[in-house]
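Peer 1: So here's final-v4.csv (CSV, C-alpha atoms and all ligand atoms).
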chain,number,residue,atom,x,y,z
A,1,MET,CA,61.0,3.7,170.6
A,2,LYS,CA,57.5,5.1,170.9
A,3,LYS,CA,55.2,2.7,172.6
A,4,ARG,CA,51.4,2.7,172.0
A,5,GLU,CA,49.3,2.9,175.1
A,6,SER,CA,47.1,0.0,174.3
A,7,PHE,CA,47.9,-3.3,172.6
A,8,LEU,CA,46.6,-3.4,169.1
A,9,SER,CA,45.6,-6.9,168.3
A,10,TYR,CA,45.9,-8.3,164.7
A,11,GLY,CA,42.1,-8.7,164.5
A,12,GLN,CA,39.1,-8.0,166.6
A,13,GLN,CA,35.3,-7.7,166.4
A,14,TRP,CA,33.2,-4.6,166.2
A,15,ILE,CA,30.0,-4.9,168.3
A,16,THR,CA,27.5,-2.0,168.3
A,17,GLU,CA,24.4,-1.2,170.4
A,18,GLU,CA,22.3,-2.6,167.6
A,19,ASP,CA,24.0,-6.0,167.9
A,20,ILE,CA,23.5,-6.0,171.7
A,21,GLU,CA,19.8,-5.2,171.3
A,22,SER,CA,19.4,-8.0,168.8
A,23,VAL,CA,20.9,-10.5,171.3
A,24,VAL,CA,18.9,-9.2,174.3
A,25,ALA,CA,15.7,-9.5,172.4
A,26,VAL,CA,16.4,-13.3,172.0
A,27,LEU,CA,17.1,-13.6,175.7
A,28,LYS,CA,13.6,-12.2,176.4
A,29,SER,CA,12.0,-14.6,173.9
A,30,PRO,CA,10.8,-18.2,174.4
A,31,PHE,CA,13.7,-19.7,172.3
A,32,LEU,CA,17.4,-19.5,173.3
A,33,THR,CA,18.2,-22.3,170.9
A,34,GLN,CA,16.4,-24.2,168.1
A,35,GLY,CA,14.2,-21.2,167.6
A,36,PRO,CA,13.4,-18.9,164.6
A,37,LYS,CA,16.6,-16.9,164.5
A,38,ILE,CA,18.6,-19.8,163.1
A,39,GLN,CA,16.6,-20.0,160.0
A,40,GLU,CA,16.5,-16.2,159.6
A,41,PHE,CA,20.3,-16.1,159.9
A,42,GLU,CA,20.8,-19.0,157.4
A,43,GLN,CA,18.5,-17.3,154.9
A,44,LYS,CA,20.3,-14.1,155.3
A,45,VAL,CA,23.7,-15.8,154.7
A,46,ALA,CA,22.3,-17.7,151.7
A,47,ASP,CA,20.8,-14.5,150.2
A,48,TYR,CA,24.0,-12.6,150.7
A,49,VAL,CA,26.2,-15.0,148.9
A,50,GLY,CA,23.6,-16.2,146.4
A,51,THR,CA,23.2,-19.9,147.3
A,52,LYS,CA,20.0,-22.0,147.8
A,53,TYR,CA,21.0,-23.3,151.2
A,54,ALA,CA,22.9,-22.4,154.3
A,55,VAL,CA,23.3,-24.6,157.4
A,56,ALA,CA,24.5,-22.9,160.6
A,57,PHE,CA,26.9,-24.7,163.1
A,58,CYS,CA,28.2,-24.0,166.5
A,59,ASN,CA,31.6,-23.1,165.0
A,60,GLY,CA,33.5,-23.2,161.7
A,61,THR,CA,35.3,-26.4,162.6
A,62,ALA,CA,32.1,-28.3,163.2
A,63,ALA,CA,30.8,-26.9,159.9
A,64,LEU,CA,33.9,-28.3,158.1
A,65,HIS,CA,33.4,-31.6,159.9
A,66,GLY,CA,29.8,-31.6,158.6
A,67,ALA,CA,30.9,-30.8,155.1
A,68,CYS,CA,33.4,-33.7,155.1
A,69,PHE,CA,30.7,-36.0,156.4
A,70,ALA,CA,28.2,-34.8,153.7
A,71,ALA,CA,30.9,-35.4,151.1
A,72,GLY,CA,31.2,-39.0,152.3
A,73,ILE,CA,34.8,-38.8,153.4
A,74,ARG,CA,35.8,-41.9,155.2
A,75,GLU,CA,38.7,-44.2,155.9
A,76,GLY,CA,40.9,-44.7,152.9
A,77,ASP,CA,39.9,-41.4,151.3
A,78,GLU,CA,42.5,-38.7,150.5
A,79,VAL,CA,41.6,-35.1,150.6
A,80,ILE,CA,44.0,-32.5,149.2
A,81,THR,CA,44.4,-29.2,151.0
A,82,SER,CA,46.8,-26.4,151.7
A,83,PRO,CA,49.4,-26.4,154.5
A,84,ILE,CA,49.1,-22.7,155.0
A,85,THR,CA,45.9,-22.7,157.0
A,86,PHE,CA,44.6,-23.2,160.5
A,87,ALA,CA,44.8,-26.8,161.6
A,88,ALA,CA,41.0,-27.2,161.7
A,89,THR,CA,40.9,-27.4,157.9
A,90,ALA,CA,42.9,-30.7,157.8
A,91,ASN,CA,41.6,-31.9,161.2
A,92,ALA,CA,38.0,-32.1,159.7
A,93,VAL,CA,39.3,-34.7,157.3
A,94,LEU,CA,40.9,-36.7,160.1
A,95,TYR,CA,37.6,-36.6,162.1
A,96,CYS,CA,36.0,-38.6,159.3
A,97,GLY,CA,38.9,-41.1,159.1
A,98,GLY,CA,40.3,-39.6,155.9
A,99,LYS,CA,43.8,-38.6,155.1
A,100,PRO,CA,44.8,-35.0,154.5
A,101,VAL,CA,47.3,-34.6,151.6
A,102,PHE,CA,49.1,-31.3,151.5
A,103,ALA,CA,49.7,-29.6,148.1
A,104,ASP,CA,52.2,-26.7,148.0
A,105,ILE,CA,51.1,-23.0,147.6
A,106,ASP,CA,51.5,-20.6,144.7
A,107,GLU,CA,54.3,-18.3,146.0
A,108,ARG,CA,52.5,-15.2,144.8
A,109,THR,CA,49.1,-15.6,146.4
A,110,TYR,CA,50.0,-18.1,149.2
A,111,ASN,CA,46.9,-20.1,148.2
A,112,ILE,CA,47.0,-23.7,147.1
A,113,ASP,CA,48.5,-24.1,143.6
A,114,PRO,CA,46.2,-26.0,141.2
A,115,ASP,CA,49.3,-27.6,139.4
A,116,GLU,CA,50.4,-28.9,142.8
A,117,ILE,CA,46.9,-30.4,143.4
A,118,ARG,CA,47.2,-32.3,140.1
A,119,LYS,CA,50.5,-33.9,141.3
A,120,HIS,CA,48.8,-35.3,144.4
A,121,ILE,CA,45.7,-36.9,142.8
A,122,THR,CA,45.5,-40.7,143.2
A,123,PRO,CA,42.7,-43.2,142.8
A,124,ASN,CA,41.9,-42.6,146.5
A,125,THR,CA,41.5,-38.8,146.2
A,126,LYS,CA,37.9,-37.9,147.1
A,127,ALA,CA,37.9,-34.2,147.7
A,128,ILE,CA,39.8,-30.9,147.6
A,129,ILE,CA,39.6,-28.3,150.4
A,130,PRO,CA,41.1,-25.0,149.0
A,131,VAL,CA,41.5,-22.3,151.6
A,132,ASP,CA,40.9,-18.6,150.8
A,133,PHE,CA,44.0,-17.5,152.7
A,134,ALA,CA,43.9,-13.9,154.1
A,135,GLY,CA,40.5,-13.4,152.4
A,136,GLN,CA,41.8,-13.8,148.8
A,137,PRO,CA,39.8,-16.5,147.0
A,138,ALA,CA,41.8,-19.5,145.8
A,139,ASP,CA,42.0,-20.0,142.0
A,140,MET,CA,38.6,-21.7,142.0
A,141,ASP,CA,38.1,-21.9,138.2
A,142,ALA,CA,41.3,-24.0,137.9
A,143,ILE,CA,40.4,-26.0,141.0
A,144,MET,CA,36.8,-26.8,139.8
A,145,GLU,CA,38.1,-27.9,136.4
A,146,ILE,CA,40.5,-30.4,138.1
A,147,ALA,CA,37.6,-31.6,140.3
A,148,ARG,CA,35.3,-32.2,137.3
A,149,GLU,CA,38.0,-34.1,135.5
A,150,HIS,CA,38.6,-36.4,138.4
A,151,ASP,CA,35.1,-36.5,139.9
A,152,LEU,CA,36.1,-34.8,143.2
A,153,ILE,CA,34.1,-32.8,145.7
A,154,VAL,CA,35.3,-29.3,146.5
A,155,ILE,CA,34.8,-27.9,149.9
A,156,GLU,CA,36.0,-24.3,150.1
A,157,ASP,CA,37.4,-23.1,153.4
A,158,GLY,CA,36.1,-19.5,153.3
A,159,ALA,CA,36.7,-18.8,157.0
A,160,HIS,CA,38.6,-15.6,155.8
A,161,SER,CA,36.6,-14.7,152.7
A,162,LEU,CA,32.9,-14.0,153.4
A,163,GLY,CA,32.1,-11.2,151.0
A,164,ALA,CA,35.1,-11.7,148.8
A,165,GLU,CA,34.7,-12.1,145.0
A,166,TYR,CA,36.3,-14.2,142.3
A,167,LYS,CA,35.8,-13.0,138.7
A,168,GLY,CA,32.6,-11.2,139.6
A,169,ARG,CA,31.2,-14.1,141.6
A,170,LYS,CA,30.8,-14.1,145.4
A,171,VAL,CA,32.7,-16.7,147.4
A,172,GLY,CA,30.1,-19.3,148.4
A,173,THR,CA,28.9,-19.9,144.9
A,174,LEU,CA,32.1,-21.3,143.5
A,175,ALA,CA,32.5,-24.7,145.2
A,176,ASP,CA,30.2,-27.7,146.0
A,177,MET,CA,30.1,-26.5,149.6
A,178,THR,CA,31.7,-23.5,151.3
A,179,MET,CA,32.4,-22.9,155.0
A,180,PHE,CA,32.4,-19.5,156.7
A,181,SER,CA,33.5,-18.9,160.3
A,182,PHE,CA,32.1,-16.3,162.6
A,183,HIS,CA,34.8,-16.3,165.2
A,184,PRO,CA,35.4,-12.7,166.5
A,185,VAL,CA,38.5,-12.1,164.3
A,186,LYS,CA,36.6,-13.2,161.1
A,187,PRO,CA,34.7,-10.9,158.7
A,188,VAL,CA,31.6,-10.8,160.9
A,189,THR,CA,31.0,-12.6,164.2
A,190,THR,CA,28.6,-14.7,166.2
A,191,ALA,CA,31.2,-15.2,169.0
A,192,GLU,CA,31.5,-18.8,167.9
A,193,GLY,CA,29.8,-20.0,164.8
A,194,GLY,CA,30.1,-21.4,161.3
A,195,VAL,CA,28.0,-22.1,158.3
A,196,ILE,CA,28.1,-24.2,155.2
A,197,VAL,CA,26.5,-22.8,152.0
A,198,THR,CA,25.6,-25.0,149.1
A,199,ASN,CA,23.2,-25.4,146.1
A,200,SER,CA,22.9,-29.1,146.6
A,201,GLU,CA,19.7,-30.4,148.3
A,202,GLU,CA,21.4,-33.7,149.1
A,203,TYR,CA,24.2,-32.0,151.0
A,204,TYR,CA,21.8,-29.6,152.7
A,205,GLU,CA,19.7,-32.5,154.1
A,206,LYS,CA,22.9,-34.4,155.3
A,207,LEU,CA,24.3,-31.3,156.9
A,208,LYS,CA,21.1,-30.6,158.8
A,209,ARG,CA,20.9,-34.1,160.2
A,210,PHE,CA,24.6,-34.2,161.1
A,211,ARG,CA,24.4,-31.1,163.2
A,212,SER,CA,21.6,-32.5,165.3
A,213,HIS,CA,22.5,-36.1,166.2
A,214,GLY,CA,21.7,-37.6,162.8
A,215,ILE,CA,18.0,-37.3,163.7
A,216,ILE,CA,15.1,-36.9,161.3
A,217,ASN,CA,11.4,-36.2,162.0
A,218,GLN,CA,10.2,-36.2,158.4
A,219,ASN,CA,9.9,-39.0,155.8
A,220,LEU,CA,10.1,-41.6,158.6
A,221,SER,CA,10.1,-45.3,158.0
A,222,LYS,CA,7.2,-45.7,160.5
A,223,ASP,CA,4.3,-43.6,161.7
A,224,GLU,CA,4.2,-44.3,165.5
A,225,GLY,CA,2.8,-41.0,166.5
A,226,PRO,CA,3.6,-37.3,166.8
A,227,TRP,CA,6.5,-37.9,169.2
A,228,TYR,CA,8.3,-40.2,166.9
A,229,TYR,CA,11.7,-39.4,165.3
A,230,GLU,CA,14.5,-41.6,164.0
A,231,MET,CA,18.3,-41.4,164.3
A,232,VAL,CA,19.7,-42.4,160.9
A,233,ASP,CA,23.3,-41.2,161.0
A,234,LEU,CA,25.8,-40.8,163.8
A,235,GLY,CA,25.5,-37.1,164.1
A,236,TYR,CA,26.6,-34.6,166.8
A,237,ASN,CA,25.1,-31.8,168.7
A,238,TYR,CA,26.8,-29.1,166.6
A,239,ARG,CA,23.9,-26.6,166.7
A,240,MET,CA,24.2,-22.8,166.9
A,241,THR,CA,22.1,-21.0,169.5
A,242,ASP,CA,19.5,-18.3,168.6
A,243,LEU,CA,21.6,-15.8,170.6
A,244,GLN,CA,24.5,-16.4,168.2
A,245,ALA,CA,22.2,-16.3,165.2
A,246,ALA,CA,20.7,-13.0,166.3
A,247,LEU,CA,24.1,-11.5,166.7
A,248,GLY,CA,25.0,-12.8,163.2
A,249,ILE,CA,21.9,-11.3,161.6
A,250,SER,CA,22.8,-7.9,163.0
A,251,GLN,CA,26.4,-8.2,162.1
A,252,LEU,CA,25.7,-9.2,158.5
A,253,ASN,CA,24.1,-5.7,158.0
A,254,LYS,CA,27.6,-4.3,158.4
A,255,LEU,CA,29.6,-6.8,156.4
A,256,ASN,CA,29.9,-4.7,153.2
A,257,ASN,CA,31.1,-1.6,155.2
A,258,PHE,CA,33.5,-3.8,157.2
A,259,ILE,CA,35.1,-5.1,154.0
A,260,GLU,CA,35.3,-1.6,152.5
A,261,ARG,CA,37.2,-0.5,155.5
A,262,ARG,CA,39.5,-3.5,155.4
A,263,ARG,CA,40.3,-2.6,151.7
A,264,GLU,CA,41.0,0.9,152.7
A,265,ILE,CA,43.4,-0.2,155.4
A,266,ALA,CA,45.2,-2.6,153.0
A,267,HIS,CA,45.5,0.2,150.5
A,268,LEU,CA,47.0,2.5,153.1
A,269,TYR,CA,49.5,-0.2,154.1
A,270,ASN,CA,50.4,-0.9,150.5
A,271,GLU,CA,51.0,2.8,149.7
A,272,ALA,CA,53.1,3.3,152.8
A,273,LEU,CA,55.2,0.2,152.6
A,274,LYS,CA,55.7,-0.2,148.8
A,275,THR,CA,59.0,1.8,148.9
A,276,ILE,CA,60.5,-0.6,151.4
A,277,ASP,CA,62.9,-2.8,149.6
A,278,ALA,CA,63.0,-5.5,152.2
A,279,VAL,CA,59.3,-6.5,152.1
A,280,ILE,CA,57.0,-8.3,149.7
A,281,LEU,CA,53.5,-6.8,149.7
A,282,PRO,CA,50.4,-8.9,149.3
A,283,TYR,CA,49.8,-9.9,145.6
A,284,GLN,CA,46.2,-10.0,144.2
A,285,LEU,CA,45.3,-12.4,141.4
A,286,GLU,CA,43.6,-10.8,138.4
A,287,GLY,CA,39.9,-10.4,138.8
A,288,VAL,CA,39.8,-11.2,142.5
A,289,ARG,CA,38.5,-9.0,145.3
A,290,SER,CA,39.9,-10.0,148.7
A,291,GLY,CA,38.0,-9.7,151.9
A,292,TRP,CA,41.4,-8.7,153.5
A,293,HIS,CA,40.9,-10.8,156.6
A,294,LEU,CA,44.7,-10.7,157.1
A,295,TYR,CA,47.4,-8.3,155.8
A,296,MET,CA,50.5,-10.4,155.2
A,297,LEU,CA,54.0,-9.1,154.6
A,298,GLN,CA,56.9,-11.2,153.6
A,299,LEU,CA,60.3,-10.1,154.9
A,300,LYS,CA,63.2,-10.4,152.6
A,301,LEU,CA,65.5,-11.7,155.4
A,302,ASP,CA,68.7,-11.4,153.3
A,303,LYS,CA,68.1,-7.6,153.1
A,304,LEU,CA,67.4,-7.1,156.8
A,305,LYS,CA,69.9,-6.9,159.6
A,306,ARG,CA,67.4,-8.4,162.1
A,307,SER,CA,65.7,-11.7,162.2
A,308,ARG,CA,61.9,-12.1,161.8
A,309,LYS,CA,61.8,-13.0,165.5
A,310,ALA,CA,63.7,-9.9,166.5
A,311,ILE,CA,61.4,-7.7,164.4
A,312,PHE,CA,58.3,-9.4,165.7
A,313,ASP,CA,59.5,-9.0,169.3
A,314,ARG,CA,60.3,-5.3,168.8
A,315,LEU,CA,56.9,-4.6,167.3
A,316,ARG,CA,55.1,-6.5,170.1
A,317,ALA,CA,57.2,-4.5,172.7
A,318,GLU,CA,55.7,-1.4,171.0
A,319,ASN,CA,52.2,-2.8,171.5
A,320,ILE,CA,51.8,-3.5,167.8
A,321,GLY,CA,50.0,-6.9,167.7
A,322,VAL,CA,51.8,-8.5,164.8
A,323,HIS,CA,51.3,-12.2,164.3
A,324,VAL,CA,52.4,-15.0,162.0
A,325,HIS,CA,49.9,-17.0,159.9
A,326,TYR,CA,50.3,-20.0,159.6
A,327,ILE,CA,52.7,-22.6,160.8
A,328,PRO,CA,52.5,-25.3,158.0
A,329,VAL,CA,49.9,-27.7,159.4
A,330,TYR,CA,52.0,-30.8,158.9
A,331,TRP,CA,54.7,-29.3,161.2
A,332,HIS,CA,52.5,-29.8,164.2
A,333,PRO,CA,53.6,-32.6,166.5
A,334,TYR,CA,50.3,-34.5,166.0
A,335,TYR,CA,50.8,-34.5,162.2
A,336,GLN,CA,54.5,-35.5,162.6
A,337,LYS,CA,53.4,-38.5,164.7
A,338,LEU,CA,51.0,-39.4,161.9
A,339,GLY,CA,54.1,-39.7,159.7
A,340,TYR,CA,54.1,-36.4,157.8
A,341,THR,CA,57.6,-35.1,157.2
A,342,ARG,CA,59.1,-31.6,157.0
A,343,ARG,CA,60.1,-30.1,153.6
A,344,MET,CA,57.0,-31.6,151.9
A,345,CYS,CA,55.9,-28.2,150.7
A,346,SER,CA,59.0,-26.0,150.2
A,347,LYS,CA,57.1,-22.8,149.1
A,348,ALA,CA,54.8,-23.0,152.0
A,349,GLU,CA,57.7,-23.4,154.4
A,350,GLN,CA,59.6,-20.5,152.9
A,351,PHE,CA,56.5,-18.3,153.1
A,352,TYR,CA,56.0,-19.3,156.8
A,353,GLU,CA,59.7,-18.4,157.6
A,354,GLN,CA,59.3,-14.9,156.2
A,355,ALA,CA,55.7,-14.1,157.0
A,356,LEU,CA,54.5,-11.3,159.3
A,357,THR,CA,50.8,-10.4,159.9
A,358,LEU,CA,50.0,-6.8,160.5
A,359,PRO,CA,46.9,-5.7,162.4
A,360,ILE,CA,43.8,-5.2,160.2
A,361,PHE,CA,40.2,-4.9,161.3
A,362,PRO,CA,37.4,-2.5,160.5
A,363,LYS,CA,37.4,-0.8,163.9
A,364,MET,CA,41.0,0.4,163.6
A,365,THR,CA,41.3,4.2,163.6
A,366,ASN,CA,43.6,6.1,161.2
A,367,GLU,CA,45.8,6.8,164.2
A,368,ASP,CA,46.1,3.0,164.8
A,369,ILE,CA,47.0,2.5,161.1
A,370,ASN,CA,49.7,5.2,161.3
A,371,ASP,CA,51.1,3.7,164.5
A,372,VAL,CA,51.5,0.4,162.6
A,373,ILE,CA,53.1,2.0,159.6
A,374,LYS,CA,55.6,4.0,161.6
A,375,ALA,CA,56.5,1.1,163.8
A,376,VAL,CA,57.1,-1.2,160.9
A,377,ARG,CA,59.2,1.3,159.0
A,378,ARG,CA,61.2,2.1,162.1
A,379,ASN,CA,61.9,-1.6,162.9
A,380,LEU,CA,62.8,-2.4,159.4
A,381,MET,CA,65.4,0.3,160.0
A,382,ILE,CA,64.0,2.7,157.5
A,383,GLU,CA,63.6,5.8,159.5
A,384,LYS,CA,61.5,8.4,157.8
B,401,LIG,C1,39.0,-19.8,161.9
B,401,LIG,C2,39.3,-20.8,160.9
B,401,LIG,C3,38.7,-22.1,160.9
B,401,LIG,C4,37.9,-22.6,162.0
B,401,LIG,O1,36.8,-21.8,162.3
B,401,LIG,P1,36.2,-21.8,163.9
B,401,LIG,O2,34.9,-21.0,163.7
B,401,LIG,O3,37.2,-21.0,164.7
B,401,LIG,O4,36.0,-23.2,164.3
B,401,LIG,C5,39.0,-22.9,159.9
B,401,LIG,N1,39.8,-22.6,158.9
B,401,LIG,C6,40.4,-21.4,158.8
B,401,LIG,C7,41.3,-21.0,157.7
B,401,LIG,C8,40.2,-20.5,159.9
B,401,LIG,O5,40.8,-19.3,159.8
Could I get this file's structure written as structure tokens?
Peer 2:
Amino acid sequence: MKKRESFLSYGQQWITEEDIESVVAVLKSPFLTQGPKIQEFEQKVADYVGTKYAVAFCNGTAALHGACFAAGIREGDEVITSPITFAATANAVLYCGGKPVFADIDERTYNIDPDEIRKHITPNTKAIIPVDFAGQPADMDAIMEIAREHDLIVIEDGAHSLGAEYKGRKVGTLADMTMFSFHPVKPVTTAEGGVIVTNSEEYYEKLKRFRSHGIINQNLSKDEGPWYYEMVDLGYNYRMTDLQAALGISQLNKLNNFIERRREIAHLYNEALKTIDAVILPYQLEGVRSGWHLYMLQLKLDKLKRSRKAIFDRLRAENIGVHVHYIPVYWHPYYQKLGYTRRMCSKAEQFYEQALTLPIFPKMTNEDINDVIKAVRRNLMIEK
């Protein structure tokens, strides 16, 4: 066994001097929060994806909460989503009093299967939250068609897919609202941060109010004086700071290069691992360009002498930061207490049991990539 000197995590940020200067400039300016950098960042995100509006939040989870609020999700409403996601996707529905309904995945893409969505539609269904798992856009044409047929709102969880494309269109322009996250492992970072992009003025206004206590200071019912404002919704303090926005502005300049590098790494993995019989490589839907947030392998356990856990442990012992994305959301104890039962989504569960996440992030060196490839080959007992 050849152990790497340093631990190679599955994902990590890439911060340059330029990013640091951008943040320091805000520290020296009059506004640390509620200043001009927020709007500049929002405009830059909206221009990048090609939407009319973007609303920044303190994190992606708060942004999803905002989108569910803007969509009018409340008690009695059902929202269909994927079980192969981070818990935050479904939690946002619960925050609004709605009920997450889990539809099974397409076993090829690991994204929500449009046919499974259809099976779960009831008179109470109000929205769909597809997740662009690993950076590959969900099958949005099929999903939007279902939504139009049944008058449903679509909120795309694009936490993994900023910069990804679906049939020549950028993620962000496909759904009614789309969320992007700027957590350090995501395509670009603001440390913590999130955004909702939309073309709807109505959602835009609601999102802006929601992130700041539900307060408005324009179009007021009274004109008491210049100090006057009104709280019209029960909002939150979900604002992003100008420090974060400044980091985001600088990071967005690098997004296309970051994605290019992620694609290169994925290609190198694909080429190096395609001859291994005991793994399933990531499959890409026709016409889709993934952002490659995650590189997912599936292990064919019947062809391997070791369990997934044993392979995982051995790779970790070699400082290869493999991971597993994701535990089906409804398996979590909190969801089990709410009455969700195991075996609801058999394809999602099978995927989870066989999944292994390999490190992928733009700052990885070719040496890092080779370390991963060699270690994976060795531990799947295919010594080259
Ligand atoms: C990261 C992530 C979120 C939440 O974003 P935060 O910015 O961490 O709050 C939601 N959904 C998915 C799929 C994610 O990966």
Peer 1: Tell me, counting all atoms listed in the file, for each residue of chain A within 6 Å of ligand LIG 401 (chain B), which pair of atoms is nearest and how far apart they are in Å to one decimal, in rows ordered by chain and increasing number, as CSV.
Peer 2:
residue,atom,partner,partner_atom,distance
A:Asn59,CA,B:LIG401,O2,4.1
A:Gly60,CA,B:LIG401,O2,3.3
A:Thr61,CA,B:LIG401,O4,3.7
A:Thr85,CA,B:LIG401,C7,5.0
A:Phe86,CA,B:LIG401,C7,4.9
A:Ala88,CA,B:LIG401,C5,5.1
A:Thr89,CA,B:LIG401,N1,5.0
A:Ala159,CA,B:LIG401,C8,4.9
A:His160,CA,B:LIG401,O5,5.9
A:Ser181,CA,B:LIG401,O2,4.2
A:Phe182,CA,B:LIG401,O2,5.6
A:His183,CA,B:LIG401,O2,4.9
A:Glu192,CA,B:LIG401,O2,5.8
A:Gly193,CA,B:LIG401,O2,5.3
A:Gly194,CA,B:LIG401,O2,5.4
Peer 1: Figure out the distance between atom CA of A:Ala191 and atom CA of A:Ala46, please, to one decimal in Å.
Peer 2: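 If I compute the distance from atom CA of A:Ala46 to atom CA of A:Ala191, I get 19.6 Å.
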Peer 1: Place a sphere of radius 12 Å on (68.2, -12.5, 152.1) in the file coordinates and name every protein, DNA or RNA residue with an atom inside or on its surface, counting only C-alpha atoms; give the answer as a list in words.
Peer 2: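 In the file's frame, the residues around the point are Asp277, Ala278, Val279, Gln298, Leu299, Lys300, Leu301, Asp302, Lys303, Leu304, Lys305, Arg306, Ser307, Arg308, Gln350, Glu353 and Gln354 of chain A.
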Peer 1: May I have the residues within 8 Å of stretch 340-345 of chain A as a list in words, using only C-alpha atoms and disregarding those fewer than 4 positions away in the same chain?
Peer 2: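 Result of the neighbour search: Pro83, Phe102, Ala103, Asp104, Ile105, Tyr330, Trp331, Tyr335, Gln336 and Glu349 of chain A.
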Peer 1: If we count all atoms listed in the file and set the cut-off at 7 Å, which residues sit around stretch 357-361 of chain A, ignoring sequence neighbours fewer than 4 positions away in its own chain? Please answer as a CSV table (one decimal) with C-alpha atoms, keeping the file's coordinate frame.
Peer 2:
chain,number,residue,atom,x,y,z
A,9,SER,CA,45.6,-6.9,168.3
A,10,TYR,CA,45.9,-8.3,164.7
A,11,GLY,CA,42.1,-8.7,164.5
A,12,GLN,CA,39.1,-8.0,166.6
A,262,ARG,CA,39.5,-3.5,155.4
A,265,ILE,CA,43.4,-0.2,155.4
A,294,LEU,CA,44.7,-10.7,157.1
A,295,TYR,CA,47.4,-8.3,155.8
A,296,MET,CA,50.5,-10.4,155.2
A,297,LEU,CA,54.0,-9.1,154.6
A,321,GLY,CA,50.0,-6.9,167.7
A,322,VAL,CA,51.8,-8.5,164.8
A,323,HIS,CA,51.3,-12.2,164.3
A,324,VAL,CA,52.4,-15.0,162.0
A,325,HIS,CA,49.9,-17.0,159.9
Peer 1: Please compute the atom CA of A:Thr125-atom CA of A:Asp233 distance, one decimal, in Å.
Peer 2: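 Going from atom CA of A:Thr125 over to atom CA of A:Asp233, I get 23.6 Å.
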Peer 1: So that I can see what lies close to A:Lys2, please list as JSON, numbers by chain the residues with an atom at most 12 Å from it, counting all atoms listed in the file and leaving out residues fewer than 4 positions away in the same chain.
Peer 2: {"A": [314, 315, 316, 317, 318, 319, 320, 371, 372, 374, 375, 376, 378, 379]}
Peer 1: Would you work out the distance separating atom CA of A:Tyr203 from atom CA of A:Ser82, expressed in Å to one decimal?
Peer 2: 23.3 Å
Peer 1: Considering all atoms listed in the file, return as a count of residues only whatever protein or nucleic-acid residues lie within 10 Å of A:His213, sequence-local ones (same chain, fewer than 5 positions apart) excluded.
Peer 2: 11
Peer 1: May I have the residues within 12 Å of A:Ile121 as a list in words, using all atoms listed in the file and disregarding those fewer than 6 positions away in the same chain?
Peer 2: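 That gives Asp77, Glu78, Val79, Ile80, Thr81, Pro100, Val101, Phe102, Ala103, Pro114, Asp115, Ala127, Ile128, Ile146, Ala147, Glu149, His150, Asp151 and Leu152 of chain A.
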Peer 1: Identify which of the residues A:Ala87, A:Val49, A:Met144, A:Ile276 lies closest to A:Tyr334, counting only C-alpha atoms when measuring atom-to-atom distances.
Peer 2: A:Ala87
Peer 1: Have a look at A:Ile155, A:Ala142, A:Ala245, A:Ala134 and name the one nearest to A:Pro36; count only C-alpha atoms.
Peer 2: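 That would be A:Ala245, the residue with the smallest distance to A:Pro36.
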Peer 1: So, counting all atoms listed in the file, which residue among A:Glu286, A:Ala56, A:Gly72, A:Asp47 is closest to A:Ser212?
Peer 2: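 Smallest separation from A:Ser212 among the options: A:Ala56.
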Peer 1: In terms of the shortest atom-to-atom distance over all atoms listed in the file, which of A:Val185, A:Tyr269, A:Phe69, A:Leu64 is closest to A:Glu156?
Peer 2: A:Leu64
Peer 1: Starting from the block above, write stretch 162-183 of chain A out to a file with C-alpha atoms, as a PDB file, in the first residue's frame, please.
Peer 2:
ATOM      1  CA  LEU A 162     -24.042  26.079 -11.862  1.00  0.00           C
ATOM      2  CA  GLY A 163     -22.603  26.326 -15.379  1.00  0.00           C
ATOM      3  CA  ALA A 164     -24.010  22.984 -16.558  1.00  0.00           C
ATOM      4  CA  GLU A 165     -26.089  22.836 -19.752  1.00  0.00           C
ATOM      5  CA  TYR A 166     -29.174  20.983 -20.890  1.00  0.00           C
ATOM      6  CA  LYS A 167     -29.780  20.774 -24.656  1.00  0.00           C
ATOM      7  CA  GLY A 168     -27.800  23.949 -25.234  1.00  0.00           C
ATOM      8  CA  ARG A 169     -29.487  25.908 -22.433  1.00  0.00           C
ATOM      9  CA  LYS A 170     -27.814  26.873 -19.158  1.00  0.00           C
ATOM     10  CA  VAL A 171     -29.196  25.503 -15.906  1.00  0.00           C
ATOM     11  CA  GLY A 172     -31.075  28.397 -14.310  1.00  0.00           C
ATOM     12  CA  THR A 173     -33.209  29.078 -17.386  1.00  0.00           C
ATOM     13  CA  LEU A 174     -35.057  25.748 -17.345  1.00  0.00           C
ATOM     14  CA  ALA A 175     -37.313  25.864 -14.247  1.00  0.00           C
ATOM     15  CA  ASP A 176     -39.559  28.481 -12.612  1.00  0.00           C
ATOM     16  CA  MET A 177     -36.890  29.047  -9.976  1.00  0.00           C
ATOM     17  CA  THR A 178     -33.411  27.537  -9.642  1.00  0.00           C
ATOM     18  CA  MET A 179     -31.193  27.405  -6.570  1.00  0.00           C
ATOM     19  CA  PHE A 180     -27.404  27.515  -6.647  1.00  0.00           C
ATOM     20  CA  SER A 181     -25.233  26.959  -3.564  1.00  0.00           C
ATOM     21  CA  PHE A 182     -21.858  28.554  -2.895  1.00  0.00           C
ATOM     22  CA  HIS A 183     -20.634  26.247  -0.148  1.00  0.00           C
TER      23      HIS A 183
END
